[in-house]
Amino acid sequence: MNVDEIVEGIAKGNRRLLAKAITYVENEHPISKEILRRIYARTGRAHVVGITGFPGVGKSTIVSKLTEEFRRRGKSVGIVAVDPSSPFTGGALLGDRLRLEGADVNKNLWLDDRVFFRSMGSRGRLGGIAKKTGEVVKLLDAAGYEIVLVETVGAGQSEVGILEVADTIVVVLMPETGDDIQVNKAGILEIGDIFVINKSDLEGAENVERWIKYMLSLDEETVMELTKLSHADERKLMERLKWKKPVLKTIADRGVGIKELADEIEKHYEVLKTNGILQEKRRERAKLSAIEMAVEEIRAEIMKRYAHLFDGEIDPYALAEKIVREVLECSSHSKQAQ
Ligand code: GDP
């Protein structure tokens, strides 16, 4: 299978070739990089929405219902389910079906050719999952999916770095007995753009709602404090001043509150677009991924070139200095040669 064929296939929305490209990315096949490089110009059109929360809160159910809602609104939907604990690696169709069937899914979605679903397991390779998720999202984006839903486990300090891929982040919570560990978990107030209290048919939904609203109001005070600081992160600040984070209640398995959630997701995207925040976010992401790719290559080169020095006694400080000096010297030589 050659790169041209795959790249053209993705551009034309060929599902089989898209699936193939995703498998290449997941397996770090040598041609995946070339595919990603070639499709890059076609990316940047999808609205990438992260759906995050603890296992069992109802993420898959919400993803499924949201997909139906966006389809009703005429939008195509790509779905990436990232579950680090999943024993199924990408492409295991049976695995995908099992997982979705457990979560009360409309089977018709499987027959809809403007819906594309893929799950990514990552047993034993957690480190690379954020990067790979980002790459799979790019492929779906290039294939023309207008909304890309990324479902990840664990709110807050998320292993999969949802912040690095999503434009809008929906944090899903549910009523809990006892104390609200979900809300207290560091980071979720910060990363969420929209908060959903699912299973609000169960007792205690109001408590979670009250609690999260209270925590968000404290958060706003912090923002006000921040405005006085000269080194405040302007983009974050602007985003927070322009967008009041909504707290919604849903009963996902009955479809209650899903329309409102889809409305808020669309509204958030409009705010990002009309205030230049989206471009800023994407520029930042492109910068970080350029740095990451460069560092990766340099690391590989160092491993190769200095392999002979890594055996035996090592003074890490002296060795690091030597490597940096030589790498920089080498780059300044090549600059002069240009
Ligand atoms: P995930 O692990 O976060 O993806 O959660 P799932 O979507 O798999 O849902 C876990 C369970 O909760 C499933 O049995 C769902 O049918 C159920 N569930 C989903 N939404 C609701 C809801 O609003 N109320 C109640 N009572 N159960 C729900």
# chains A, B, ... in the order shown; residues from 1 in each chain; ligands from 1
>>> residues_near_ligand(ligand="ligand 1", cutoff="7 Å", atoms="only C-alpha atoms and all ligand atoms", output="list in words")
Gly53, Phe54, Pro55, Gly56, Val57, Gly58, Lys59, Ser60, Thr61, Ile62, Gly102, Ala103, Asp104, Asn198, Lys199, Ser200, Asp201, Leu202, Thr250, Ile251, Ala252, Asp253 and Arg254 of chain A
>>> write_last_selection(atoms="N, CA and C atoms", output="short mmCIF file (atom, residue, chain, number, x, y, z; two decimals), in the first residue's frame")
data_model
loop_
_atom_site.label_atom_id
_atom_site.label_comp_id
_atom_site.auth_asym_id
_atom_site.auth_seq_id
_atom_site.Cartn_x
_atom_site.Cartn_y
_atom_site.Cartn_z
N GLY A 53 -13.91 11.57 32.15
CA GLY A 53 -14.55 11.28 33.44
C GLY A 53 -14.18 9.88 33.88
N PHE A 54 -14.51 9.59 35.11
CA PHE A 54 -14.14 8.28 35.65
C PHE A 54 -14.93 7.15 34.98
N PRO A 55 -14.39 5.94 35.07
CA PRO A 55 -15.11 4.81 34.50
C PRO A 55 -16.51 4.69 35.11
N GLY A 56 -17.50 4.43 34.27
CA GLY A 56 -18.84 4.19 34.77
C GLY A 56 -19.73 5.42 34.89
N VAL A 57 -19.19 6.61 34.65
CA VAL A 57 -20.04 7.80 34.79
C VAL A 57 -21.02 7.95 33.62
N GLY A 58 -20.73 7.25 32.54
CA GLY A 58 -21.66 7.30 31.39
C GLY A 58 -21.08 7.95 30.15
N LYS A 59 -19.77 7.96 30.04
CA LYS A 59 -19.14 8.62 28.89
C LYS A 59 -19.56 8.00 27.56
N SER A 60 -19.48 6.68 27.49
CA SER A 60 -19.81 6.02 26.22
C SER A 60 -21.25 6.27 25.84
N THR A 61 -22.13 6.25 26.83
CA THR A 61 -23.54 6.51 26.56
C THR A 61 -23.71 7.93 26.03
N ILE A 62 -23.04 8.87 26.66
CA ILE A 62 -23.13 10.27 26.23
C ILE A 62 -22.57 10.42 24.81
N GLY A 102 -22.16 -2.57 25.62
CA GLY A 102 -22.32 -2.47 27.06
C GLY A 102 -22.92 -1.13 27.45
N ALA A 103 -22.75 -0.15 26.59
CA ALA A 103 -23.14 1.20 26.97
C ALA A 103 -24.39 1.68 26.25
N ASP A 104 -25.26 0.75 25.91
CA ASP A 104 -26.56 1.19 25.49
C ASP A 104 -26.52 2.05 24.22
N ASN A 198 -24.07 13.53 34.95
CA ASN A 198 -24.90 12.49 34.34
C ASN A 198 -25.56 11.67 35.45
N LYS A 199 -26.46 10.82 35.07
CA LYS A 199 -27.22 9.98 36.01
C LYS A 199 -27.95 10.86 37.03
N SER A 200 -28.48 11.98 36.54
CA SER A 200 -29.14 12.87 37.47
C SER A 200 -30.52 12.34 37.85
N ASP A 201 -30.83 11.13 37.37
CA ASP A 201 -32.03 10.43 37.89
C ASP A 201 -31.71 9.85 39.27
N LEU A 202 -30.44 9.75 39.59
CA LEU A 202 -30.07 9.19 40.89
C LEU A 202 -30.01 10.28 41.95
N THR A 250 -27.70 15.61 33.01
CA THR A 250 -28.20 14.73 31.95
C THR A 250 -28.63 13.38 32.53
N ILE A 251 -29.51 12.73 31.79
CA ILE A 251 -29.80 11.31 32.04
C ILE A 251 -29.53 10.67 30.69
N ALA A 252 -28.29 10.32 30.49
CA ALA A 252 -27.84 9.98 29.14
C ALA A 252 -28.56 8.78 28.55
N ASP A 253 -28.80 7.76 29.36
CA ASP A 253 -29.41 6.57 28.77
C ASP A 253 -30.84 6.82 28.30
N ARG A 254 -31.45 7.90 28.77
CA ARG A 254 -32.78 8.27 28.28
C ARG A 254 -32.71 9.46 27.32
#
>>> residues_around(residues="Lys249 (chain A)", least_positions_apart="3", cutoff="9 Å", atoms="only C-alpha atoms", output="list in words")
Phe195, Val196, Ile197, Asn198, Lys199, Ser200, Ala205, Glu206, Glu209, Val256, Gly257 and Leu261 of chain A
>>> write_last_selection(atoms="N, CA, C and O atoms", output="mmCIF file, in the first residue's frame")
data_model
loop_
_atom_site.group_PDB
_atom_site.id
_atom_site.type_symbol
_atom_site.label_atom_id
_atom_site.label_comp_id
_atom_site.auth_asym_id
_atom_site.auth_seq_id
_atom_site.Cartn_x
_atom_site.Cartn_y
_atom_site.Cartn_z
ATOM 1 N N PHE A 195 -19.352 21.206 32.174
ATOM 2 C CA PHE A 195 -19.473 20.138 33.175
ATOM 3 C C PHE A 195 -20.840 19.472 33.049
ATOM 4 O O PHE A 195 -21.851 20.153 32.917
ATOM 5 N N VAL A 196 -20.809 18.151 33.069
ATOM 6 C CA VAL A 196 -22.049 17.398 32.950
ATOM 7 C C VAL A 196 -22.210 16.505 34.166
ATOM 8 O O VAL A 196 -21.294 15.755 34.512
ATOM 9 N N ILE A 197 -23.356 16.621 34.817
ATOM 10 C CA ILE A 197 -23.657 15.681 35.893
ATOM 11 C C ILE A 197 -24.627 14.674 35.309
ATOM 12 O O ILE A 197 -25.809 14.954 35.122
ATOM 13 N N ASN A 198 -24.074 13.528 34.953
ATOM 14 C CA ASN A 198 -24.902 12.493 34.338
ATOM 15 C C ASN A 198 -25.558 11.669 35.447
ATOM 16 O O ASN A 198 -25.212 11.798 36.611
ATOM 17 N N LYS A 199 -26.456 10.817 35.074
ATOM 18 C CA LYS A 199 -27.224 9.984 36.009
ATOM 19 C C LYS A 199 -27.952 10.858 37.026
ATOM 20 O O LYS A 199 -28.005 10.556 38.217
ATOM 21 N N SER A 200 -28.475 11.983 36.538
ATOM 22 C CA SER A 200 -29.143 12.875 37.467
ATOM 23 C C SER A 200 -30.524 12.337 37.850
ATOM 24 O O SER A 200 -31.281 12.995 38.565
ATOM 25 N N ALA A 205 -27.766 14.306 42.765
ATOM 26 C CA ALA A 205 -27.301 15.104 41.619
ATOM 27 C C ALA A 205 -27.208 16.590 41.983
ATOM 28 O O ALA A 205 -26.261 17.274 41.588
ATOM 29 N N GLU A 206 -28.195 17.065 42.748
ATOM 30 C CA GLU A 206 -28.196 18.491 43.108
ATOM 31 C C GLU A 206 -26.977 18.841 43.960
ATOM 32 O O GLU A 206 -26.415 19.925 43.840
ATOM 33 N N GLU A 209 -24.092 19.206 41.772
ATOM 34 C CA GLU A 209 -24.262 20.438 41.005
ATOM 35 C C GLU A 209 -23.898 21.665 41.840
ATOM 36 O O GLU A 209 -23.136 22.532 41.408
ATOM 37 N N VAL A 256 -31.931 12.476 28.025
ATOM 38 C CA VAL A 256 -32.335 13.752 28.645
ATOM 39 C C VAL A 256 -31.115 14.678 28.795
ATOM 40 O O VAL A 256 -30.091 14.276 29.347
ATOM 41 N N GLY A 257 -31.262 15.891 28.288
ATOM 42 C CA GLY A 257 -30.207 16.900 28.436
ATOM 43 C C GLY A 257 -29.144 16.855 27.340
ATOM 44 O O GLY A 257 -28.202 17.658 27.343
ATOM 45 N N LEU A 261 -26.593 19.805 25.855
ATOM 46 C CA LEU A 261 -25.140 19.584 25.857
ATOM 47 C C LEU A 261 -24.564 19.891 24.470
ATOM 48 O O LEU A 261 -23.545 20.586 24.345
#
>>> select_by_dssp(residues="region 235-318 of chain A", states="alpha helix (DSSP H)", output="PyMOL selection string")
chain A and resi 235-242+258-274+277-305+316-318
>>> closest_residue(among="A:Val150, A:Val271, A:Leu66, A:Leu189", to="Ser119 (chain A)", atoms="only C-alpha atoms")
A:Val150
>>> residues_around(residues="Gly192 (chain A)", least_positions_apart="5", cutoff="7 Å", atoms="only C-alpha atoms", output="number ranges by chain")
A: 169-171
>>> atom_distance(atom1="CA of Asp315 (chain A)", atom2="CA of Glu297 (chain A)")
23.6 Å
>>> residues_around(residues="Val82 (chain A)", least_positions_apart="6", cutoff="6 Å", atoms="only C-alpha atoms", output="PDB file with N, CA and C atoms, in the first residue's frame")
ATOM      1  N   SER A 119     -11.518   2.535  18.656  1.00  0.00           N
ATOM      2  CA  SER A 119     -11.050   2.571  20.038  1.00  0.00           C
ATOM      3  C   SER A 119      -9.563   2.283  20.081  1.00  0.00           C
ATOM      4  N   MET A 120      -8.901   2.884  21.045  1.00  0.00           N
ATOM      5  CA  MET A 120      -7.465   2.693  21.179  1.00  0.00           C
ATOM      6  C   MET A 120      -7.156   2.156  22.558  1.00  0.00           C
ATOM      7  N   GLU A 151     -13.067  10.202  23.633  1.00  0.00           N
ATOM      8  CA  GLU A 151     -13.496   9.754  24.961  1.00  0.00           C
ATOM      9  C   GLU A 151     -12.290   9.236  25.733  1.00  0.00           C
ATOM     10  N   THR A 152     -12.024   9.838  26.884  1.00  0.00           N
ATOM     11  CA  THR A 152     -10.874   9.379  27.675  1.00  0.00           C
ATOM     12  C   THR A 152     -11.275   9.093  29.109  1.00  0.00           C
TER      13      THR A 152
END
>>> atom_distance(atom1="CA of Leu288 (chain A)", atom2="CA of Ile265 (chain A)")
25.2 Å
